[in-house]
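Structure file protein.cif; described as mmCIF, C-alpha atoms and all ligand atoms.
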data_my_file
loop_
_atom_site.label_atom_id
_atom_site.label_comp_id
_atom_site.auth_asym_id
_atom_site.auth_seq_id
_atom_site.Cartn_x
_atom_site.Cartn_y
_atom_site.Cartn_z
CA MET A 281 80.63 55.92 -184.80
CA SER A 282 79.43 58.75 -182.56
CA LYS A 283 81.89 60.12 -180.03
CA ALA A 284 81.78 58.81 -176.45
CA PRO A 285 80.10 61.26 -174.02
CA ILE A 286 81.82 63.09 -171.16
CA ALA A 287 81.11 61.71 -167.66
CA ILE A 288 80.44 64.22 -164.88
CA ILE A 289 80.48 62.77 -161.37
CA GLY A 290 78.46 64.99 -159.01
CA ALA A 291 75.25 66.85 -159.92
CA GLY A 292 75.76 69.76 -157.52
CA ILE A 293 75.98 73.29 -158.92
CA ALA A 294 79.60 72.77 -160.10
CA GLY A 295 78.74 69.62 -162.09
CA LEU A 296 75.57 71.21 -163.49
CA SER A 297 77.47 74.33 -164.51
CA ALA A 298 80.06 72.21 -166.36
CA ALA A 299 77.29 70.15 -167.97
CA GLU A 300 75.50 73.23 -169.25
CA ALA A 301 78.68 74.78 -170.68
CA LEU A 302 79.64 71.54 -172.44
CA GLN A 303 76.17 70.95 -173.86
CA THR A 304 76.06 74.52 -175.13
CA ALA A 305 79.31 73.72 -176.98
CA GLY A 306 77.62 70.67 -178.57
CA GLU A 307 79.13 67.97 -176.33
CA ALA A 308 77.18 65.00 -174.95
CA VAL A 309 77.42 64.51 -171.17
CA GLN A 310 76.23 61.96 -168.64
CA LEU A 311 75.85 62.95 -164.96
CA PHE A 312 76.16 60.59 -161.98
CA ASP A 313 75.13 61.35 -158.40
CA LYS A 314 74.90 59.25 -155.28
CA SER A 315 71.78 61.13 -154.13
CA ARG A 316 68.24 60.67 -155.43
CA GLY A 317 68.27 63.98 -157.30
CA PRO A 318 70.53 66.87 -158.32
CA GLY A 319 71.60 69.90 -156.24
CA GLY A 320 74.05 68.53 -153.65
CA ARG A 321 74.53 71.16 -150.96
CA MET A 322 71.94 73.34 -152.74
CA SER A 323 69.22 70.72 -152.51
CA SER A 324 66.09 71.03 -150.36
CA LYS A 325 64.60 68.37 -148.13
CA ARG A 326 60.90 67.48 -148.18
CA SER A 327 59.45 67.30 -144.66
CA GLU A 328 56.21 67.60 -142.67
CA ALA A 329 57.06 71.29 -142.39
CA GLY A 330 57.27 71.66 -146.20
CA SER A 331 60.39 71.77 -148.33
CA LEU A 332 63.38 73.03 -146.34
CA ASP A 333 66.69 74.54 -147.44
CA LEU A 334 69.07 72.88 -144.99
CA GLY A 335 72.27 73.57 -146.93
CA ALA A 336 73.01 76.77 -148.86
CA GLN A 337 70.76 79.50 -147.48
CA TYR A 338 71.18 82.14 -150.17
CA PHE A 339 73.92 83.26 -152.52
CA THR A 340 75.51 86.44 -153.73
CA ALA A 341 76.76 87.20 -157.25
CA ARG A 342 79.93 89.29 -157.50
CA ASP A 343 81.46 87.94 -160.71
CA ARG A 344 79.99 89.49 -163.89
CA ARG A 345 79.44 86.13 -165.62
CA PHE A 346 77.66 84.69 -162.60
CA SER A 347 75.56 87.87 -162.18
CA GLU A 348 74.39 87.59 -165.80
CA THR A 349 73.57 83.92 -165.27
CA VAL A 350 71.56 84.67 -162.13
CA GLN A 351 69.59 87.34 -164.06
CA ARG A 352 68.77 84.62 -166.60
CA TRP A 353 67.69 82.25 -163.81
CA GLN A 354 65.47 85.01 -162.47
CA ALA A 355 63.87 85.52 -165.89
CA GLN A 356 63.19 81.76 -165.97
CA GLY A 357 61.50 81.97 -162.57
CA TRP A 358 64.06 79.78 -160.79
CA VAL A 359 65.40 82.42 -158.36
CA ASP A 360 64.31 85.57 -156.61
CA SER A 361 65.99 88.07 -154.33
CA TRP A 362 65.57 87.75 -150.57
CA SER A 363 65.75 90.80 -148.30
CA PRO A 364 65.20 89.59 -144.75
CA ASN A 365 65.17 91.77 -141.63
CA LEU A 366 68.84 91.05 -141.08
CA TYR A 367 70.47 90.99 -137.64
CA GLN A 368 73.79 90.11 -136.13
CA ALA A 369 74.52 88.70 -132.70
CA ARG A 370 77.77 89.26 -130.82
CA SER A 371 78.29 88.03 -127.24
CA GLY A 372 74.62 87.14 -127.07
CA GLN A 373 73.48 90.65 -128.10
CA LEU A 374 71.13 90.94 -131.07
CA SER A 375 71.25 94.08 -133.20
CA PRO A 376 69.82 95.02 -136.60
CA SER A 377 72.42 94.74 -139.35
CA THR A 378 70.76 95.90 -142.53
CA ASP A 379 72.90 96.19 -145.66
CA GLU A 380 72.60 96.73 -149.40
CA GLN A 381 73.84 93.29 -150.49
CA VAL A 382 71.57 91.51 -152.98
CA ARG A 383 70.99 87.93 -151.80
CA TRP A 384 69.41 85.28 -154.05
CA VAL A 385 67.42 82.14 -153.26
CA GLY A 386 65.87 79.42 -155.43
CA VAL A 387 62.05 79.62 -155.66
CA PRO A 388 59.96 78.05 -154.30
CA ARG A 389 62.92 76.14 -152.83
CA MET A 390 66.68 76.17 -153.28
CA SER A 391 66.60 72.95 -155.33
CA ALA A 392 64.60 74.73 -158.08
CA ILE A 393 67.89 75.90 -159.60
CA ALA A 394 69.32 72.39 -159.97
CA ARG A 395 65.96 71.09 -161.25
CA GLY A 396 65.89 73.88 -163.82
CA LEU A 397 69.49 73.41 -164.89
CA ILE A 398 69.35 69.66 -165.30
CA GLY A 399 66.48 69.82 -167.83
CA ASP A 400 66.68 66.62 -169.87
CA THR A 401 70.42 66.06 -169.36
CA PRO A 402 71.04 62.30 -168.97
CA ALA A 403 71.64 61.60 -165.25
CA THR A 404 71.98 58.46 -163.17
CA TYR A 405 71.00 58.91 -159.50
CA ALA A 406 71.48 56.78 -156.39
CA CYS A 407 74.77 55.81 -158.02
CA ARG A 408 77.90 56.25 -155.91
CA ILE A 409 80.98 56.08 -158.08
CA THR A 410 83.83 54.27 -156.35
CA ASP A 411 86.39 53.90 -159.13
CA VAL A 412 87.40 55.83 -162.24
CA PHE A 413 89.91 54.27 -164.62
CA ARG A 414 91.21 54.75 -168.12
CA GLY A 415 91.74 52.08 -170.74
CA GLU A 416 93.68 52.71 -173.93
CA ALA A 417 91.35 55.37 -175.24
CA PHE A 418 88.32 55.60 -172.97
CA TRP A 419 87.28 56.02 -169.36
CA THR A 420 85.15 53.63 -167.32
CA LEU A 421 83.38 54.34 -164.02
CA VAL A 422 82.51 51.68 -161.46
CA ASP A 423 79.76 52.22 -158.89
CA ALA A 424 79.31 50.89 -155.35
CA ASP A 425 77.27 47.93 -156.67
CA GLY A 426 80.16 46.93 -158.93
CA THR A 427 78.38 48.02 -162.13
CA SER A 428 80.58 49.55 -164.85
CA HIS A 429 79.55 52.65 -166.80
CA GLY A 430 81.18 53.79 -170.02
CA PRO A 431 82.93 54.29 -172.31
CA PHE A 432 83.53 58.03 -171.75
CA SER A 433 85.90 60.33 -173.62
CA GLN A 434 86.74 62.51 -170.59
CA VAL A 435 85.74 62.67 -166.91
CA ILE A 436 84.91 65.67 -164.72
CA ILE A 437 84.87 65.01 -160.99
CA ALA A 438 82.62 67.62 -159.32
CA LEU A 439 82.66 66.48 -155.68
CA PRO A 440 83.81 67.92 -152.34
CA ALA A 441 87.63 67.73 -152.13
CA PRO A 442 87.99 64.63 -149.90
CA GLN A 443 85.56 62.65 -152.08
CA ALA A 444 87.21 63.96 -155.27
CA SER A 445 90.66 62.97 -154.08
CA ALA A 446 89.54 59.35 -153.68
CA LEU A 447 88.51 59.22 -157.36
CA LEU A 448 91.56 61.00 -158.77
CA ALA A 449 94.04 58.11 -158.31
CA THR A 450 94.80 58.02 -162.07
CA ALA A 451 96.26 61.53 -161.73
CA PRO A 452 98.27 61.43 -158.46
CA LYS A 453 99.18 65.13 -158.64
CA LEU A 454 95.53 66.18 -158.79
CA ALA A 455 94.68 63.66 -156.06
CA ALA A 456 97.33 65.21 -153.81
CA VAL A 457 96.01 68.76 -154.37
CA ALA A 458 92.45 67.66 -153.55
CA ALA A 459 93.68 65.72 -150.50
CA SER A 460 95.32 68.90 -149.19
CA VAL A 461 91.94 70.65 -148.82
CA PRO A 462 90.25 69.97 -145.49
CA MET A 463 86.51 70.54 -145.48
CA GLU A 464 84.59 71.57 -142.37
CA PRO A 465 81.28 70.04 -141.26
CA THR A 466 78.04 71.89 -140.45
CA TRP A 467 75.14 70.64 -138.33
CA SER A 468 71.90 72.06 -139.70
CA VAL A 469 68.68 72.02 -137.69
CA ALA A 470 65.11 72.95 -138.70
CA VAL A 471 62.64 73.79 -135.97
CA ALA A 472 58.98 74.75 -136.44
CA PHE A 473 56.39 76.46 -134.24
CA ALA A 474 52.61 76.33 -134.70
CA SER A 475 52.19 80.08 -134.14
CA PRO A 476 54.67 82.70 -135.34
CA LEU A 477 57.37 83.86 -132.92
CA GLU A 478 56.93 87.48 -131.89
CA THR A 479 60.18 88.78 -133.27
CA ARG A 480 61.22 91.01 -136.17
CA VAL A 481 64.32 88.87 -136.79
CA GLU A 482 64.27 87.02 -140.13
CA ALA A 483 67.94 86.16 -140.48
CA CYS A 484 70.97 86.58 -138.26
CA PHE A 485 74.75 86.20 -138.55
CA VAL A 486 75.72 84.84 -135.14
CA GLN A 487 79.13 84.86 -133.48
CA ASP A 488 78.66 82.28 -130.80
CA ASP A 489 80.17 79.02 -129.58
CA ALA A 490 77.46 76.93 -131.14
CA LEU A 491 75.40 78.98 -133.59
CA ASP A 492 76.66 80.52 -136.80
CA TRP A 493 73.44 81.46 -138.60
CA LEU A 494 69.66 81.44 -138.23
CA ALA A 495 66.94 82.12 -140.79
CA ARG A 496 63.17 82.30 -140.76
CA HIS A 497 62.15 80.06 -143.65
CA ARG A 498 58.85 81.83 -144.45
CA SER A 499 60.67 85.14 -145.00
CA LYS A 500 62.09 83.68 -148.23
CA PRO A 501 59.95 84.13 -151.36
CA GLY A 502 57.46 81.38 -152.23
CA ARG A 503 57.93 79.26 -149.09
CA ASP A 504 55.23 77.28 -147.29
CA ASP A 505 54.12 79.45 -144.33
CA ARG A 506 51.74 77.14 -142.46
CA LEU A 507 54.33 76.78 -139.69
CA ASP A 508 56.93 79.27 -138.49
CA THR A 509 60.03 77.25 -139.40
CA TRP A 510 63.61 78.32 -138.62
CA VAL A 511 66.86 76.91 -139.96
CA LEU A 512 69.80 77.00 -137.53
CA HIS A 513 73.43 76.27 -138.45
CA GLY A 514 76.17 75.29 -136.04
CA THR A 515 79.63 76.83 -136.40
CA SER A 516 82.33 74.70 -138.04
CA ALA A 517 84.15 74.30 -134.71
CA TRP A 518 81.01 73.30 -132.79
CA SER A 519 79.91 70.94 -135.56
CA ARG A 520 83.36 69.30 -135.63
CA GLN A 521 83.35 68.87 -131.85
CA HIS A 522 79.84 67.39 -131.94
CA LEU A 523 80.18 65.41 -135.17
CA ASP A 524 78.90 62.14 -133.67
CA LEU A 525 76.35 63.56 -131.26
CA PRO A 526 72.91 61.93 -131.70
CA LYS A 527 70.52 64.14 -133.71
CA GLU A 528 68.16 64.65 -130.70
CA ALA A 529 71.06 66.09 -128.67
CA VAL A 530 72.16 68.34 -131.56
CA ILE A 531 68.59 69.67 -131.84
CA GLU A 532 68.38 70.23 -128.09
CA GLN A 533 71.64 72.18 -127.98
CA LEU A 534 71.11 74.33 -131.08
CA VAL A 535 67.46 75.07 -130.28
CA GLY A 536 68.59 75.91 -126.73
CA ALA A 537 71.16 78.39 -128.09
CA PHE A 538 68.48 79.85 -130.39
CA ALA A 539 65.99 80.27 -127.49
CA GLU A 540 68.66 82.08 -125.47
CA LEU A 541 69.51 84.41 -128.33
CA ILE A 542 66.15 85.33 -129.83
CA ASP A 543 64.31 88.32 -128.34
CA CYS A 544 60.95 86.62 -127.67
CA VAL A 545 59.35 83.72 -125.88
CA VAL A 546 60.08 80.39 -127.61
CA PRO A 547 57.13 77.98 -127.22
CA GLU A 548 57.07 74.20 -127.57
CA THR A 549 58.33 73.04 -130.98
CA THR A 550 55.94 71.17 -133.30
CA PHE A 551 58.62 69.79 -135.62
CA THR A 552 62.38 69.34 -135.54
CA LEU A 553 64.91 67.83 -137.92
CA ALA A 554 68.71 67.66 -137.99
CA HIS A 555 71.03 67.08 -140.91
CA ARG A 556 74.81 66.69 -140.77
CA TRP A 557 76.84 68.02 -143.68
CA LEU A 558 80.19 66.29 -143.37
CA TYR A 559 81.86 68.33 -146.13
CA ALA A 560 80.04 71.66 -145.83
CA ARG A 561 82.80 74.15 -146.63
CA PRO A 562 86.50 74.21 -147.44
CA ALA A 563 88.67 75.44 -144.57
CA GLN A 564 90.17 78.08 -146.92
CA THR A 565 89.44 79.60 -150.28
CA HIS A 566 91.69 78.88 -153.30
CA GLU A 567 92.30 80.37 -156.72
CA TRP A 568 92.69 77.22 -158.77
CA GLY A 569 89.54 77.63 -160.84
CA ALA A 570 89.55 73.90 -161.61
CA LEU A 571 92.14 71.10 -161.68
CA ALA A 572 93.09 69.47 -164.96
CA ASP A 573 95.22 66.70 -166.37
CA ALA A 574 94.37 67.63 -169.93
CA ASP A 575 96.48 64.86 -171.54
CA LEU A 576 94.60 62.23 -169.60
CA GLY A 577 91.24 64.00 -170.00
CA LEU A 578 90.57 64.14 -166.26
CA TYR A 579 89.24 67.31 -164.54
CA ALA A 580 88.09 68.28 -161.04
CA CYS A 581 85.92 71.20 -160.00
CA GLY A 582 83.84 72.34 -157.04
CA ASP A 583 83.46 75.16 -154.54
CA TRP A 584 86.80 74.20 -152.93
CA CYS A 585 88.69 75.23 -156.11
CA LEU A 586 87.54 78.84 -155.55
CA SER A 587 85.51 80.69 -152.94
CA GLY A 588 83.72 77.88 -151.08
CA ARG A 589 80.36 79.41 -152.02
CA VAL A 590 77.66 78.79 -154.62
CA GLU A 591 79.21 81.37 -156.93
CA GLY A 592 82.64 79.73 -156.63
CA ALA A 593 81.21 76.29 -157.38
CA TRP A 594 79.40 77.56 -160.49
CA LEU A 595 82.51 79.38 -161.74
CA SER A 596 84.64 76.30 -161.11
CA GLY A 597 82.29 74.18 -163.25
CA GLN A 598 82.61 76.74 -166.05
CA GLU A 599 86.39 76.64 -165.77
CA ALA A 600 86.56 72.83 -165.93
CA ALA A 601 84.39 72.90 -169.08
CA ARG A 602 86.48 75.69 -170.61
CA ARG A 603 89.74 73.77 -170.09
CA LEU A 604 88.27 70.57 -171.51
CA LEU A 605 86.97 72.35 -174.62
CA GLU A 606 90.28 74.18 -175.06
CA GLN A 607 92.16 70.86 -175.00
CA GLN A 608 89.78 69.35 -177.54
CA GLN A 609 90.46 72.15 -180.00
CA ARG A 610 94.22 71.52 -179.96
C1 LIG A 701 74.99 74.12 -144.33
C2 LIG A 701 75.51 74.83 -145.53
C3 LIG A 701 75.25 76.18 -145.71
C4 LIG A 701 75.72 76.86 -146.82
N1 LIG A 701 75.39 78.16 -147.00
C5 LIG A 701 75.78 78.80 -148.11
C6 LIG A 701 75.32 80.11 -148.38
O1 LIG A 701 74.50 80.65 -147.65
N2 LIG A 701 75.79 80.73 -149.50
C7 LIG A 701 76.67 80.13 -150.35
O2 LIG A 701 77.06 80.75 -151.36
N3 LIG A 701 77.10 78.86 -150.14
C8 LIG A 701 76.66 78.19 -149.04
N4 LIG A 701 77.05 76.91 -148.82
C9 LIG A 701 78.03 76.31 -149.74
C10 LIG A 701 77.37 75.86 -151.06
O3 LIG A 701 76.25 75.07 -150.78
C11 LIG A 701 78.43 75.10 -151.84
O4 LIG A 701 79.56 75.92 -152.05
C12 LIG A 701 77.95 74.58 -153.21
O5 LIG A 701 76.62 74.16 -153.19
C13 LIG A 701 78.91 73.46 -153.62
O6 LIG A 701 78.54 72.93 -154.87
P1 LIG A 701 79.42 71.76 -155.51
O7 LIG A 701 78.77 71.40 -156.79
O8 LIG A 701 80.85 72.16 -155.53
O9 LIG A 701 79.33 70.53 -154.49
P2 LIG A 701 78.07 69.70 -153.96
O10 LIG A 701 76.86 70.52 -153.93
O11 LIG A 701 78.52 69.05 -152.69
O12 LIG A 701 77.86 68.56 -155.10
C14 LIG A 701 78.57 67.36 -155.11
C15 LIG A 701 77.61 66.22 -155.50
O13 LIG A 701 78.37 65.02 -155.61
C16 LIG A 701 77.61 63.94 -155.12
N5 LIG A 701 78.58 62.89 -154.76
C17 LIG A 701 79.50 62.86 -153.75
N6 LIG A 701 80.27 61.76 -153.81
C18 LIG A 701 79.83 61.06 -154.90
C19 LIG A 701 80.24 59.82 -155.50
N7 LIG A 701 81.26 59.08 -155.03
N8 LIG A 701 79.56 59.40 -156.60
C20 LIG A 701 78.51 60.13 -157.12
N9 LIG A 701 78.10 61.30 -156.59
C21 LIG A 701 78.74 61.76 -155.50
C22 LIG A 701 76.83 64.53 -153.97
O14 LIG A 701 75.65 63.78 -153.72
C23 LIG A 701 76.53 65.94 -154.48
O15 LIG A 701 75.26 66.01 -155.11
C24 LIG A 701 76.54 76.18 -147.75
C25 LIG A 701 76.81 74.82 -147.59
C26 LIG A 701 76.28 74.14 -146.50
C27 LIG A 701 76.53 72.68 -146.35
N1 LIG A 702 77.52 76.71 -143.00
C1 LIG A 702 78.23 76.35 -144.05
O1 LIG A 702 78.63 75.23 -144.18
C2 LIG A 702 78.54 77.35 -145.11
C3 LIG A 702 79.31 76.99 -146.22
C4 LIG A 702 79.60 77.93 -147.18
C5 LIG A 702 79.12 79.25 -147.02
N2 LIG A 702 78.39 79.55 -145.91
C6 LIG A 702 77.90 80.91 -145.69
O2 LIG A 702 77.41 81.41 -146.88
C7 LIG A 702 77.45 82.83 -146.87
C8 LIG A 702 77.87 83.25 -148.22
O3 LIG A 702 78.77 84.30 -148.24
P1 LIG A 702 78.57 85.54 -149.22
O4 LIG A 702 79.86 86.26 -149.23
O5 LIG A 702 77.98 85.08 -150.47
O6 LIG A 702 77.43 86.34 -148.46
P2 LIG A 702 77.44 87.64 -147.51
O7 LIG A 702 78.16 88.75 -148.15
O8 LIG A 702 76.01 87.83 -147.11
O9 LIG A 702 78.20 87.15 -146.20
C9 LIG A 702 79.57 87.00 -146.01
C10 LIG A 702 79.91 87.12 -144.53
O10 LIG A 702 79.94 88.51 -144.21
C11 LIG A 702 79.33 88.78 -142.95
N3 LIG A 702 78.16 89.66 -143.19
C12 LIG A 702 77.61 89.94 -144.40
N4 LIG A 702 76.59 90.81 -144.26
C13 LIG A 702 76.49 91.08 -142.94
C14 LIG A 702 75.62 91.89 -142.18
N5 LIG A 702 74.63 92.58 -142.74
N6 LIG A 702 75.80 91.92 -140.84
C15 LIG A 702 76.79 91.22 -140.26
N7 LIG A 702 77.64 90.43 -140.92
C16 LIG A 702 77.50 90.35 -142.25
C17 LIG A 702 78.94 87.44 -142.37
O11 LIG A 702 79.97 87.03 -141.50
C18 LIG A 702 78.87 86.53 -143.57
O12 LIG A 702 79.19 85.20 -143.20
C19 LIG A 702 78.33 83.20 -145.71
O13 LIG A 702 77.50 83.63 -144.67
C20 LIG A 702 78.98 81.89 -145.31
O14 LIG A 702 79.24 81.80 -143.92
C21 LIG A 702 78.08 78.65 -144.98
#
In structure tokens, what does this structure look like?
Ligand SMILES: Cc1cc2nc3c(=O)[nH]c(=O)nc-3n(C[C@H](O)[C@H](O)[C@H](O)COP(=O)(O)OP(=O)(O)OC[C@H]3O[C@@H](n4cnc5c(N)ncnc54)[C@H](O)[C@@H]3O)c2cc1C
Ligand SMILES: NC(=O)c1ccc[n+]([C@@H]2O[C@H](COP(=O)([O-])OP(=O)(O)OC[C@H]3O[C@@H](n4cnc5c(N)ncnc54)[C@H](O)[C@@H]3O)[C@@H](O)[C@H]2O)c1
Amino acid sequence: MSKAPIAIIGAGIAGLSAAEALQTAGEAVQLFDKSRGPGGRMSSKRSEAGSLDLGAQYFTARDRRFSETVQRWQAQGWVDSWSPNLYQARSGQLSPSTDEQVRWVGVPRMSAIARGLIGDTPATYACRITDVFRGEAFWTLVDADGTSHGPFSQVIIALPAPQASALLATAPKLAAVAASVPMEPTWSVAVAFASPLETRVEACFVQDDALDWLARHRSKPGRDDRLDTWVLHGTSAWSRQHLDLPKEAVIEQLVGAFAELIDCVVPETTFTLAHRWLYARPAQTHEWGALADADLGLYACGDWCLSGRVEGAWLSGQEAARRLLEQQQR
């Protein structure tokens, strides 16, 4: 009889990283995600204004293994570097803030990386896992419709910490660690103008009550440039305070803050959209790599186990796979 596959819950960059490492080692995996496709916080949303990156805006590669991987992604045509006219804003004052940092984006949209990575890996979408339990030898997953999936030899939970904690009940120590990680929300708004704004600004780190970041979408490689579309992010504190504000009010306030900050006339908008990320970033970084109960065969990974960034999520997926493979060789 062939061996049962490994279940990976969450097809964000952490889950995809683990899946790739395990498949490279000859293991069979099966991914599950509650969304309609892979990518999680690195996905892009289709809209009248083209495909928009509302979550991760770009990423940096500081770890050697991740740098080498990103070079490979570039060779495959999934990513390119992005060098916007970078600004910062302090106390409402805009100033150029050029630097030498290499910043990467998926092309022609952020979700290209997840699409590339998933290849023909078996994946079940629109499937929210609500329970994970172990029988005598194998694991079974249960989804929100009550359907069971399995048997699986091991399980990797690659979700934001609060969602991971809920599925880690079989390993109370891991559940407690995940439950100890608060994650901060981010309101993300896209706003488009029919004619380009007369500004040199293409991206800006903002220190403000409401705004944290703004980026001109068309300045990224390969993007649709029919409209001049901007992505605005609220700060964690502002987003937390305005968590339940209706989307129209969120758009009004963040676009208002943008209009006050930017150094040009802001005309009527032709398109707006708001998206709330409930678990956008961990409140702190950690150095756990991944969590493991190797005897049980249960693992957890995600950005919250490391740096709270794309790089940290990818590295955490690698670490979960490494620990699982190490245990198998014992
Ligand atoms: C607004 C915003 C801006 C950001 N900007 C940057 C940036 O510029 N640079 C950077 O490096 N990082 C940035 N980040 C952080 C970066 O996106 C994350 O660190 C990274 O994408 C996390 O990957 P992950 O795989 O750990 O989690 P996720 O991407 O969250 O993947 C988890 C997956 O699990 C699925 N899921 C959840 N619950 C269940 C369930 N019960 N059953 C099945 N599936 C489930 C979700 O649908 C999701 O696809 C940003 C994040 C946000 C939200
Ligand atoms: N909104 C969210 O939910 C969320 C979640 C995770 C990460 N992020 C963002 O993702 C980015 C990823 O971080 P990274 O370390 O890979 O990238 P990075 O090195 O470009 O940025 C790190 C931080 O350094 C500062 N910084 C960097 N370059 C600057 C410049 N030229 N001028 C002024 N300030 C500058 C900014 O405060 C920035 O947030 C960060 O900006 C972080 O805030 C956002």
What are the centre and edge lengths in Å, to one decimal, of the axis-aligned box around all listed atoms of stretch 491-507 of chain A with 3 Å added on each side, as JSON?
{"center_x": 64.2, "center_y": 81.0, "center_z": -142.9, "size_x": 30.9, "size_y": 14.4, "size_z": 24.6}
Check your understanding: Smallest atom-to-atom distance to ligand LIG 701 (chain A): which of A:Lys325, A:Lys527, A:Arg370, A:Arg383, using only C-alpha atoms and all ligand atoms?
Key ->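 Checking each candidate against ligand LIG 701 (chain A), we get A:Arg383 as the closest.
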Practice item. Would you mind telling me which residue in A:Ala517, A:Val511, A:Val435, A:Cys484 lies nearest to ligand LIG 702 (chain A) when using only C-alpha atoms and all ligand atoms? Key: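 For ligand LIG 702 (chain A), the nearest of the candidates is A:Cys484.
Among the candidate residues A:Val481, A:Ala472, A:Ala539, A:Ala291, the one lying nearest to A:Ala406 is A:Ala291, with distances computed using only C-alpha atoms.
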Using all atoms listed in the file, can you list as an mmCIF file with C-alpha atoms, in the frame of the given file the residues within 7 Å of (93.2, 79.6, -157.6)?
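File part-v5.cif, as written:
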data_model
loop_
_atom_site.group_PDB
_atom_site.id
_atom_site.type_symbol
_atom_site.label_atom_id
_atom_site.label_comp_id
_atom_site.auth_asym_id
_atom_site.auth_seq_id
_atom_site.Cartn_x
_atom_site.Cartn_y
_atom_site.Cartn_z
ATOM 1 C CA HIS A 566 91.690 78.880 -153.300
ATOM 2 C CA GLU A 567 92.300 80.370 -156.720
ATOM 3 C CA TRP A 568 92.690 77.220 -158.770
ATOM 4 C CA GLY A 569 89.540 77.630 -160.840
ATOM 5 C CA CYS A 585 88.690 75.230 -156.110
ATOM 6 C CA LEU A 586 87.540 78.840 -155.550
#
Exercise for review: May I ask you to write as a PyMOL selection string all residues lying at most 7 Å from ligand LIG 702 (chain A), with all atoms listed in the file counted?
Suggested key: chain A and resi 336-337+339-340+366-368+377-379+381+383+465-466+485+513+515+560-561+588-589
